[in-house]
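Enquirer: Pasting my_file.cif below, which is mmCIF, C-alpha atoms and all ligand atoms.
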data_upload
loop_
_atom_site.label_atom_id
_atom_site.label_comp_id
_atom_site.auth_asym_id
_atom_site.auth_seq_id
_atom_site.Cartn_x
_atom_site.Cartn_y
_atom_site.Cartn_z
CA MET R 1 -2.96 -10.08 8.74
CA LEU R 2 -1.49 -13.28 10.15
CA ILE R 3 -3.41 -13.01 13.34
CA LYS R 4 -6.90 -13.27 11.86
CA GLN R 5 -8.51 -16.45 10.60
CA ALA R 6 -10.40 -16.12 7.30
CA SER R 7 -13.61 -16.96 9.08
CA ASP R 8 -12.86 -14.11 11.49
CA ILE R 9 -12.94 -11.51 8.73
CA ARG R 10 -16.52 -10.40 9.06
CA SER R 11 -18.06 -7.83 6.77
CA SER R 12 -18.50 -5.54 9.76
CA GLU R 13 -14.76 -5.61 10.12
CA ILE R 14 -14.00 -5.25 6.45
CA THR R 15 -16.02 -2.07 6.28
CA ASP R 16 -15.29 -0.48 9.58
CA LYS R 17 -18.28 0.77 11.48
CA LYS R 18 -17.43 4.46 11.27
CA VAL R 19 -16.94 4.26 7.50
CA TYR R 20 -20.14 2.29 7.15
CA LEU R 21 -22.10 4.78 9.21
CA ASN R 22 -20.59 7.71 7.30
CA ARG R 23 -21.60 6.06 4.09
CA ARG R 24 -25.14 5.54 5.31
CA GLU R 25 -25.24 9.19 6.24
CA PHE R 26 -23.98 10.09 2.80
CA ILE R 27 -26.58 7.93 1.09
CA ARG R 28 -29.30 9.45 3.27
CA ALA R 29 -28.05 12.95 2.48
CA ALA R 30 -27.95 12.10 -1.22
CA ALA R 31 -31.51 10.83 -1.03
CA ILE R 32 -32.62 14.08 0.55
CA THR R 33 -30.56 16.65 -1.30
CA GLY R 34 -29.72 14.76 -4.46
CA ALA R 35 -33.19 14.08 -5.76
CA ALA R 36 -33.35 17.38 -7.64
CA ALA R 37 -29.93 16.77 -9.10
CA GLY R 38 -31.09 13.42 -10.45
CA LEU R 39 -28.94 11.49 -8.04
CA LEU R 40 -31.64 9.06 -6.98
CA GLY R 41 -31.85 5.67 -8.57
CA ALA R 42 -29.23 2.96 -8.71
CA GLU R 43 -26.35 5.42 -8.46
CA ALA R 44 -27.66 7.10 -5.36
CA LEU R 45 -28.33 3.78 -3.69
CA ALA R 46 -25.00 2.25 -4.60
CA PRO R 47 -22.91 2.27 -1.45
CA VAL R 48 -19.83 3.34 -3.34
CA SER R 49 -17.98 6.26 -1.96
CA ALA R 50 -16.89 8.04 -5.13
CA ALA R 51 -19.15 11.02 -4.67
CA ALA R 52 -17.77 12.09 -1.31
CA LYS R 53 -14.12 12.93 -0.87
CA GLY R 54 -14.37 13.17 2.88
CA ALA R 55 -12.51 15.69 4.96
CA PRO R 56 -8.90 15.96 3.86
CA HIS R 57 -6.40 17.50 6.23
CA GLY R 58 -5.85 20.56 4.04
CA ARG R 59 -2.10 20.29 3.44
CA LYS R 60 -2.22 20.60 -0.33
CA LEU R 61 0.61 19.47 -2.57
CA ALA R 62 2.00 22.19 -4.81
CA THR R 63 2.10 20.71 -8.31
CA ILE R 64 0.57 17.51 -9.53
CA LYS R 65 0.32 16.13 -13.01
CA LYS R 66 -3.26 14.89 -13.19
CA GLY R 67 -5.17 12.22 -14.92
CA PHE R 68 -3.08 9.05 -15.03
CA ALA R 69 -5.64 6.32 -14.41
CA LEU R 70 -4.10 3.23 -15.88
CA ASN R 71 -6.40 0.18 -15.75
CA ALA R 72 -8.55 1.57 -12.99
CA PRO R 73 -11.90 2.44 -14.47
CA ASP R 74 -13.78 1.82 -11.23
CA LYS R 75 -14.95 4.42 -8.79
CA VAL R 76 -12.25 5.92 -6.66
CA ASN R 77 -12.59 5.37 -2.91
CA ALA R 78 -13.26 8.38 -0.73
CA TRP R 79 -10.60 10.02 1.41
CA GLU R 80 -12.48 8.73 4.42
CA ASP R 81 -12.19 5.08 3.30
CA ILE R 82 -8.50 5.34 2.44
CA THR R 83 -7.56 7.05 5.69
CA SER R 84 -9.65 5.16 8.22
CA TYR R 85 -9.18 1.54 7.15
CA ASN R 86 -5.45 0.88 7.28
CA ASN R 87 -2.85 -1.77 7.92
CA TYR R 88 0.11 -0.21 9.69
CA TYR R 89 1.15 -2.47 12.54
CA GLU R 90 3.60 0.05 13.96
CA PHE R 91 0.47 1.92 15.05
CA GLY R 92 -1.68 -1.04 16.08
CA SER R 93 -3.22 -4.07 14.46
CA ASP R 94 -6.83 -2.96 14.15
CA LYS R 95 -7.84 -1.24 10.94
CA SER R 96 -8.93 1.86 12.82
CA ASP R 97 -5.77 2.10 14.98
CA PRO R 98 -3.38 3.88 12.57
CA ALA R 99 -5.70 6.86 11.98
CA GLU R 100 -5.87 7.37 15.72
CA MET R 101 -2.39 6.36 16.88
CA ALA R 102 -0.38 7.97 14.05
CA ARG R 103 -2.06 11.35 14.47
CA ASN R 104 1.01 12.97 16.04
CA PHE R 105 3.64 10.99 14.18
CA LYS R 106 6.49 13.34 13.26
CA THR R 107 7.41 13.18 9.58
CA GLU R 108 9.51 16.33 9.44
CA PRO R 109 12.48 16.39 9.24
CA TRP R 110 12.80 13.08 7.41
CA THR R 111 15.81 11.39 5.86
CA VAL R 112 16.31 8.36 3.65
CA THR R 113 19.54 6.38 3.94
CA ILE R 114 20.93 4.87 0.73
CA ASP R 115 23.12 1.85 1.26
CA GLY R 116 24.51 -1.33 -0.27
CA GLU R 117 25.55 -1.99 -3.84
CA CYS R 118 25.48 1.52 -5.27
CA ASN R 119 27.80 4.46 -5.90
CA LYS R 120 25.75 7.08 -4.06
CA LYS R 121 25.59 5.78 -0.51
CA GLY R 122 24.58 8.36 2.06
CA VAL R 123 21.72 10.12 3.77
CA MET R 124 19.26 12.24 1.82
CA ASN R 125 16.74 14.73 3.13
CA LEU R 126 13.21 14.04 1.96
CA GLU R 127 13.24 17.37 0.12
CA ASP R 128 16.19 16.11 -1.93
CA VAL R 129 14.46 12.80 -2.65
CA LEU R 130 11.53 14.77 -4.08
CA LYS R 131 13.64 17.45 -5.76
CA GLY R 132 13.19 17.63 -9.52
CA GLU R 133 10.44 15.00 -9.55
CA THR R 134 7.05 15.73 -11.10
CA LEU R 135 4.42 14.46 -8.74
CA GLU R 136 1.75 12.64 -10.69
CA GLU R 137 -1.64 11.27 -9.71
CA ARG R 138 -1.91 7.52 -10.29
CA VAL R 139 -5.31 5.98 -9.71
CA TYR R 140 -4.32 2.44 -8.79
CA ARG R 141 -6.13 -0.68 -7.73
CA HIS R 142 -4.97 -1.71 -4.28
CA ARG R 143 -5.53 -5.38 -3.30
CA CYS R 144 -4.72 -6.53 0.20
CA VAL R 145 -3.78 -10.14 0.87
CA GLU R 146 -6.74 -10.20 3.28
CA ALA R 147 -9.05 -10.17 0.23
CA TRP R 148 -10.27 -6.59 0.34
CA SER R 149 -9.47 -3.86 -2.16
CA MET R 150 -9.78 -0.15 -2.87
CA ILE R 151 -9.17 2.26 -5.73
CA ILE R 152 -6.70 4.88 -4.59
CA PRO R 153 -5.47 8.10 -6.21
CA TRP R 154 -1.85 8.04 -5.08
CA VAL R 155 0.41 10.94 -5.90
CA GLY R 156 4.00 10.03 -6.53
CA PHE R 157 6.81 9.49 -9.02
CA PRO R 158 8.56 6.46 -10.54
CA LEU R 159 10.84 4.62 -8.13
CA ALA R 160 13.09 4.08 -11.18
CA ASN R 161 13.99 7.81 -11.15
CA PHE R 162 15.21 7.54 -7.58
CA ILE R 163 17.10 4.30 -8.22
CA LYS R 164 18.94 5.78 -11.19
CA ARG R 165 20.11 8.64 -8.98
CA CYS R 166 21.57 6.10 -6.51
CA GLU R 167 23.66 4.53 -9.31
CA PRO R 168 23.33 0.84 -8.36
CA THR R 169 26.28 -1.37 -9.29
CA SER R 170 26.00 -4.52 -11.41
CA LYS R 171 25.83 -6.53 -8.18
CA ALA R 172 22.51 -4.93 -7.19
CA LYS R 173 19.91 -7.57 -8.03
CA TYR R 174 17.27 -6.53 -5.48
CA VAL R 175 16.19 -3.44 -3.56
CA GLU R 176 15.39 -3.65 0.12
CA PHE R 177 13.26 -1.04 1.94
CA TYR R 178 13.02 -0.33 5.66
CA THR R 179 10.33 1.47 7.65
CA LEU R 180 11.25 3.72 10.56
CA TYR R 181 11.51 1.84 13.86
CA ASP R 182 10.80 4.24 16.68
CA PRO R 183 9.08 2.68 19.71
CA LYS R 184 8.64 6.12 21.27
CA GLN R 185 6.41 7.25 18.45
CA MET R 186 5.13 3.89 17.24
CA PRO R 187 3.30 2.10 20.05
CA GLY R 188 2.74 -1.03 17.96
CA THR R 189 6.49 -1.69 17.86
CA ARG R 190 6.63 -2.04 21.65
CA VAL R 191 5.10 -5.48 21.23
CA PRO R 192 6.70 -8.24 19.18
CA VAL R 193 3.76 -8.88 16.82
CA LEU R 194 6.25 -8.59 13.96
CA ARG R 195 10.03 -8.39 13.81
CA TRP R 196 10.84 -4.71 13.58
CA PRO R 197 11.68 -2.76 11.54
CA TYR R 198 9.22 -3.64 8.78
CA VAL R 199 11.22 -4.72 5.70
CA GLU R 200 10.19 -5.23 2.10
CA GLY R 201 11.97 -5.99 -1.14
CA LEU R 202 11.62 -5.99 -4.89
CA ARG R 203 13.61 -7.58 -7.66
CA MET R 204 15.50 -4.86 -9.56
CA ASP R 205 13.34 -5.16 -12.69
CA GLU R 206 10.17 -4.90 -10.57
CA ALA R 207 11.57 -1.85 -8.82
CA MET R 208 12.49 -0.23 -12.14
CA HIS R 209 9.09 -0.94 -13.71
CA PRO R 210 7.25 2.29 -14.62
CA LEU R 211 4.18 1.25 -12.59
CA THR R 212 6.21 1.14 -9.37
CA ILE R 213 6.08 4.48 -7.61
CA LEU R 214 7.22 6.23 -4.48
CA VAL R 215 4.14 7.88 -3.03
CA ALA R 216 4.16 11.25 -1.26
CA GLY R 217 0.50 12.23 -1.56
CA LEU R 218 -3.13 11.15 -1.64
CA TYR R 219 -5.69 12.95 -3.81
CA ASP R 220 -4.06 16.38 -3.98
CA GLU R 221 -2.79 16.40 -0.40
CA VAL R 222 0.34 15.44 1.47
CA LEU R 223 0.21 11.72 2.33
CA PRO R 224 -1.61 11.19 5.66
CA ASN R 225 0.39 9.54 8.44
CA GLN R 226 -1.75 6.40 8.57
CA ASP R 227 -1.10 5.79 4.87
CA GLY R 228 2.67 5.82 5.27
CA ALA R 229 3.81 9.44 5.33
CA PRO R 230 6.03 10.89 4.24
CA LEU R 231 7.12 8.31 1.66
CA ARG R 232 5.75 4.86 0.81
CA LEU R 233 5.79 2.40 -2.03
CA ALA R 234 2.95 1.47 -4.41
CA VAL R 235 3.38 -1.63 -6.58
CA PRO R 236 -0.15 -2.12 -7.89
CA TRP R 237 0.11 -5.71 -9.19
CA LYS R 238 1.25 -7.00 -5.79
CA TYR R 239 -0.59 -7.60 -2.53
CA GLY R 240 -0.73 -4.64 -0.19
CA PHE R 241 1.96 -5.87 2.19
CA LYS R 242 4.61 -5.05 -0.42
CA HIS R 243 3.55 -1.38 -0.13
CA ILE R 244 5.95 -0.51 2.66
CA LYS R 245 5.23 2.70 4.55
CA SER R 246 7.33 5.50 6.03
CA ILE R 247 10.54 4.48 4.29
CA VAL R 248 13.81 5.49 5.96
CA LYS R 249 16.29 3.21 4.21
CA VAL R 250 16.81 1.83 0.71
CA ARG R 251 19.51 -0.82 0.31
CA PHE R 252 20.72 -2.42 -2.91
CA VAL R 253 21.53 -6.10 -2.41
CA GLU R 254 22.69 -9.15 -4.30
CA ARG R 255 20.45 -11.69 -2.55
CA GLN R 256 16.66 -11.86 -2.35
CA PRO R 257 15.55 -9.95 0.77
CA LEU R 258 13.58 -11.67 3.50
CA ASN R 259 10.52 -9.45 3.80
CA THR R 260 8.69 -9.05 7.09
CA TRP R 261 5.62 -11.17 6.39
CA GLN R 262 7.72 -13.91 4.86
CA GLN R 263 9.85 -13.96 8.03
CA GLN R 264 6.67 -14.21 10.03
CA ALA R 265 4.92 -17.02 8.13
CA PRO R 266 6.80 -18.25 5.04
CA ASP R 267 4.11 -20.78 4.16
CA GLU R 268 1.53 -17.98 3.95
CA TYR R 269 3.39 -14.97 2.57
CA GLY R 270 6.04 -15.09 -0.12
CA PHE R 271 8.55 -12.71 -1.61
CA TYR R 272 6.73 -12.11 -4.89
CA ALA R 273 3.22 -11.54 -3.51
CA ASN R 274 1.78 -11.05 -6.99
CA VAL R 275 -1.99 -10.83 -6.90
CA ASN R 276 -3.01 -14.29 -8.11
CA PRO R 277 -6.54 -15.68 -7.83
CA GLY R 278 -5.13 -19.14 -8.69
CA VAL R 279 -3.01 -19.37 -5.55
CA ASP R 280 -5.04 -19.36 -2.36
CA HIS R 281 -3.73 -18.19 0.95
CA PRO R 282 -3.53 -21.40 3.03
CA ARG R 283 -6.36 -20.12 5.23
CA TRP R 284 -8.63 -18.40 2.69
CA SER R 285 -9.37 -18.09 -1.01
CA GLN R 286 -7.83 -15.36 -3.13
CA ASN R 287 -10.41 -15.87 -5.84
CA THR R 288 -12.62 -12.95 -4.86
CA GLU R 289 -12.26 -9.68 -3.01
CA ARG R 290 -14.47 -7.20 -1.24
CA ARG R 291 -14.08 -3.68 -2.57
CA ILE R 292 -14.38 -1.34 0.38
CA GLY R 293 -17.66 0.49 -0.15
CA GLU R 294 -19.42 -2.30 -2.02
CA PHE R 295 -21.65 -5.11 -0.81
CA LEU R 296 -21.04 -7.81 -3.42
CA ARG R 297 -17.68 -9.51 -3.79
CA ARG R 298 -15.73 -9.10 -7.02
CA LYS R 299 -13.59 -11.64 -8.83
CA THR R 300 -9.91 -11.07 -8.23
CA VAL R 301 -7.95 -10.58 -11.43
CA MET R 302 -4.45 -11.91 -12.13
CA PHE R 303 -1.76 -9.30 -11.39
CA ASN R 304 -4.61 -7.14 -10.07
CA GLY R 305 -5.46 -6.28 -13.70
CA TYR R 306 -1.96 -5.09 -14.66
CA GLY R 307 -1.01 -8.27 -16.53
CA ASP R 308 -0.46 -6.55 -19.89
CA GLN R 309 2.18 -4.40 -18.27
CA VAL R 310 3.90 -6.85 -15.93
CA ALA R 311 3.29 -10.50 -16.92
CA SER R 312 6.48 -10.55 -19.01
CA LEU R 313 8.55 -9.94 -15.87
CA TYR R 314 7.69 -13.47 -14.76
CA THR R 315 8.12 -15.48 -17.96
CA GLY R 316 9.46 -18.90 -17.03
CA LEU R 317 8.88 -18.44 -13.30
CA ASP R 318 6.54 -20.91 -11.59
CA LEU R 319 4.11 -18.53 -9.91
CA ARG R 320 2.58 -21.31 -7.80
CA ARG R 321 5.92 -21.94 -6.11
CA ASN R 322 6.98 -18.29 -6.17
CA TYR R 323 3.88 -16.88 -4.49
N1 LIG A 1 4.11 -0.93 6.06
C1 LIG A 1 4.50 -0.93 7.35
N2 LIG A 1 5.61 -0.29 7.69
N3 LIG A 1 3.79 -1.59 8.31
C2 LIG A 1 2.66 -2.30 8.00
O1 LIG A 1 2.04 -2.89 8.90
N4 LIG A 1 1.11 -3.01 6.22
C3 LIG A 1 1.06 -3.41 4.82
C4 LIG A 1 1.43 -2.24 3.90
N5 LIG A 1 2.59 -1.54 4.39
C5 LIG A 1 2.23 -2.32 6.64
C6 LIG A 1 2.98 -1.59 5.70
C7 LIG A 1 -0.23 -3.94 4.42
S1 LIG A 1 -0.60 -5.49 4.99
C8 LIG A 1 -1.08 -3.28 3.60
S2 LIG A 1 -2.51 -4.01 3.02
C9 LIG A 1 -0.82 -1.90 3.19
O2 LIG A 1 0.31 -1.35 3.83
C10 LIG A 1 -2.01 -1.03 3.53
O3 LIG A 1 -1.84 0.25 3.03
P1 LIG A 1 -2.99 1.33 3.31
O4 LIG A 1 -3.22 1.36 4.77
O5 LIG A 1 -2.48 2.62 2.77
O6 LIG A 1 -4.19 0.83 2.57
#
Let me see the file written as structure tokens.

Expert:
Amino acid sequence: MLIKQASDIRSSEITDKKVYLNRREFIRAAAITGAAAGLLGAEALAPVSAAAKGAPHGRKLATIKKGFALNAPDKVNAWEDITSYNNYYEFGSDKSDPAEMARNFKTEPWTVTIDGECNKKGVMNLEDVLKGETLEERVYRHRCVEAWSMIIPWVGFPLANFIKRCEPTSKAKYVEFYTLYDPKQMPGTRVPVLRWPYVEGLRMDEAMHPLTILVAGLYDEVLPNQDGAPLRLAVPWKYGFKHIKSIVKVRFVERQPLNTWQQQAPDEYGFYANVNPGVDHPRWSQNTERRIGEFLRRKTVMFNGYGDQVASLYTGLDLRRNY
């Protein structure tokens, strides 16, 4: 993220070569086999990956409530896109690194520590975090601060459910999240590209918002390692760096947390990180985005298109200063 200049972000990088080649193969296959099925024409030529789901790992989730697709009418990205083009610096800083380097990452057993201003401090097994929750598919827009985007069918449950179980006290104004820091398993953390562990935070009302979910799956499968297994955050109106992966600690705090990218470059990355085409990154415009799988750039929409649901959280807040 920080390391690249805007001018360095070439289209060849934005759509990684393997994905691009796979897509070309898919289009070629569609042209050959799809003609009879009426696939040819604009649809068949469109380099959008909705038709192919790729090769999931086969660890299916048991029960999922289907069909929640709030504000995401666009084509869903293929498994292959979502699992081969990742930001997860603990496993390397190239988009293709996490798929490779996180292959043997151990996500079982997994615990989440609950700490800070709440009545239920302690350590919870992942199974207990998930216990009693209905896993639901949420097709969300995902907009990275680097000006690319995807449409992703996350499977998860409202973070609010988990927070209520922790019984935060009246002093809890923010929630802070921590990723696992394990240099043995995470080669990226052996170099000080970021200050480890990766930390993120949300204001309590953002964390309690029904759109904010804890994610445990992708499509109908267990979340792949490179996407933040076994538990990550999705906050669809915020830039991707708020979507912290592989969460091991949740802490309720009184003061606004200092999130990792803000520590790293406070003039470039803020605490709020709301998708906002009106506030450019100092080194590139946030006005447009490249949807992975498409050739033409799209206009970026305020709050990533979730304004009707979330704009009221920021009434009276200067979103140019609080970027
Ligand atoms: N979480 C951790 N622990 N480490 C990271 O490097 N990268 C963030 C976010 N969460 C990151 C992280 C960024 S910059 C983005 S855009 C999203 O993860 C990418 O999520 P994805 O790979 O599932 O698309």

Enquirer: Between R:Glu268, R:Glu221, R:Glu289, R:Glu254, which residue has the minimum interatomic distance to R:Gly58, considering all atoms listed in the file?

Expert: R:Glu221

Enquirer: I want to know what sits within 10 Å of stretch 113-120 of chain R, based on all atoms listed in the file, with residues of the same chain fewer than 6 positions away left out; could you give that as a count of residues only?

Expert: 24

Enquirer: Let me make sure I understand: among R:Leu319, R:Thr189, R:Trp237, R:Asp280, which one has the smallest atom-to-atom distance to R:Gly92 if we use only C-alpha atoms?

Expert: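 The shortest atom-to-atom distance to R:Gly92 comes from R:Thr189.
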
Enquirer: Measuring between all atoms listed in the file, which one of R:Ser93, R:Asn259, R:Gln286, R:Gln309 shows the shortest distance to R:Gly188?

Expert: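 Using all atoms listed in the file, the shortest distance to R:Gly188 belongs to R:Ser93.
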
Enquirer: Considering only C-alpha atoms and all ligand atoms, can you say which of R:Glu206, R:Asp220, R:Glu80, R:Glu108 comes closest to ligand LIG 1 (chain A)?

Expert: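 When distances to ligand LIG 1 (chain A) are compared using only C-alpha atoms and all ligand atoms, the smallest one comes from R:Glu80.
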
Enquirer: With only C-alpha atoms and all ligand atoms as the basis for distance, which of R:Thr315, R:Ser96, R:Asn104, R:Thr111 is at the shortest distance from ligand LIG 1 (chain A)?

Expert: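 Once distances to ligand LIG 1 (chain A) are computed over only C-alpha atoms and all ligand atoms, the minimum belongs to R:Ser96.
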
Enquirer: I'd like a table as a tab-separated table: residues in chain R with an atom no more than 6 Å from ligand LIG 1 (chain A), each row giving the shortest atom pair and its distance in Å to one decimal, all atoms listed in the file counted, sorted by chain and rising residue number.

Expert:
residue	atom	partner	partner_atom	distance
R:Asn86	CA	A:LIG1	O4	3.4
R:Asn87	CA	A:LIG1	O4	4.5
R:Tyr88	CA	A:LIG1	O1	3.4
R:Tyr89	CA	A:LIG1	O1	3.8
R:Glu90	CA	A:LIG1	N3	5.9
R:Cys144	CA	A:LIG1	S2	4.4
R:Thr179	CA	A:LIG1	N2	5.0
R:Tyr198	CA	A:LIG1	N2	5.0
R:Asp227	CA	A:LIG1	O5	4.0
R:Gly240	CA	A:LIG1	S2	3.7
R:Phe241	CA	A:LIG1	C7	3.7
R:His243	CA	A:LIG1	N5	4.6
R:Ile244	CA	A:LIG1	N1	3.9
R:Lys245	CA	A:LIG1	N1	4.1

Enquirer: One number please: atom CA of R:Leu233 to atom CA of R:Val76, in Å, one decimal.

Expert: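 Taking atom CA of R:Leu233 as the start and atom CA of R:Val76 as the end point, the length is 19.0 Å.
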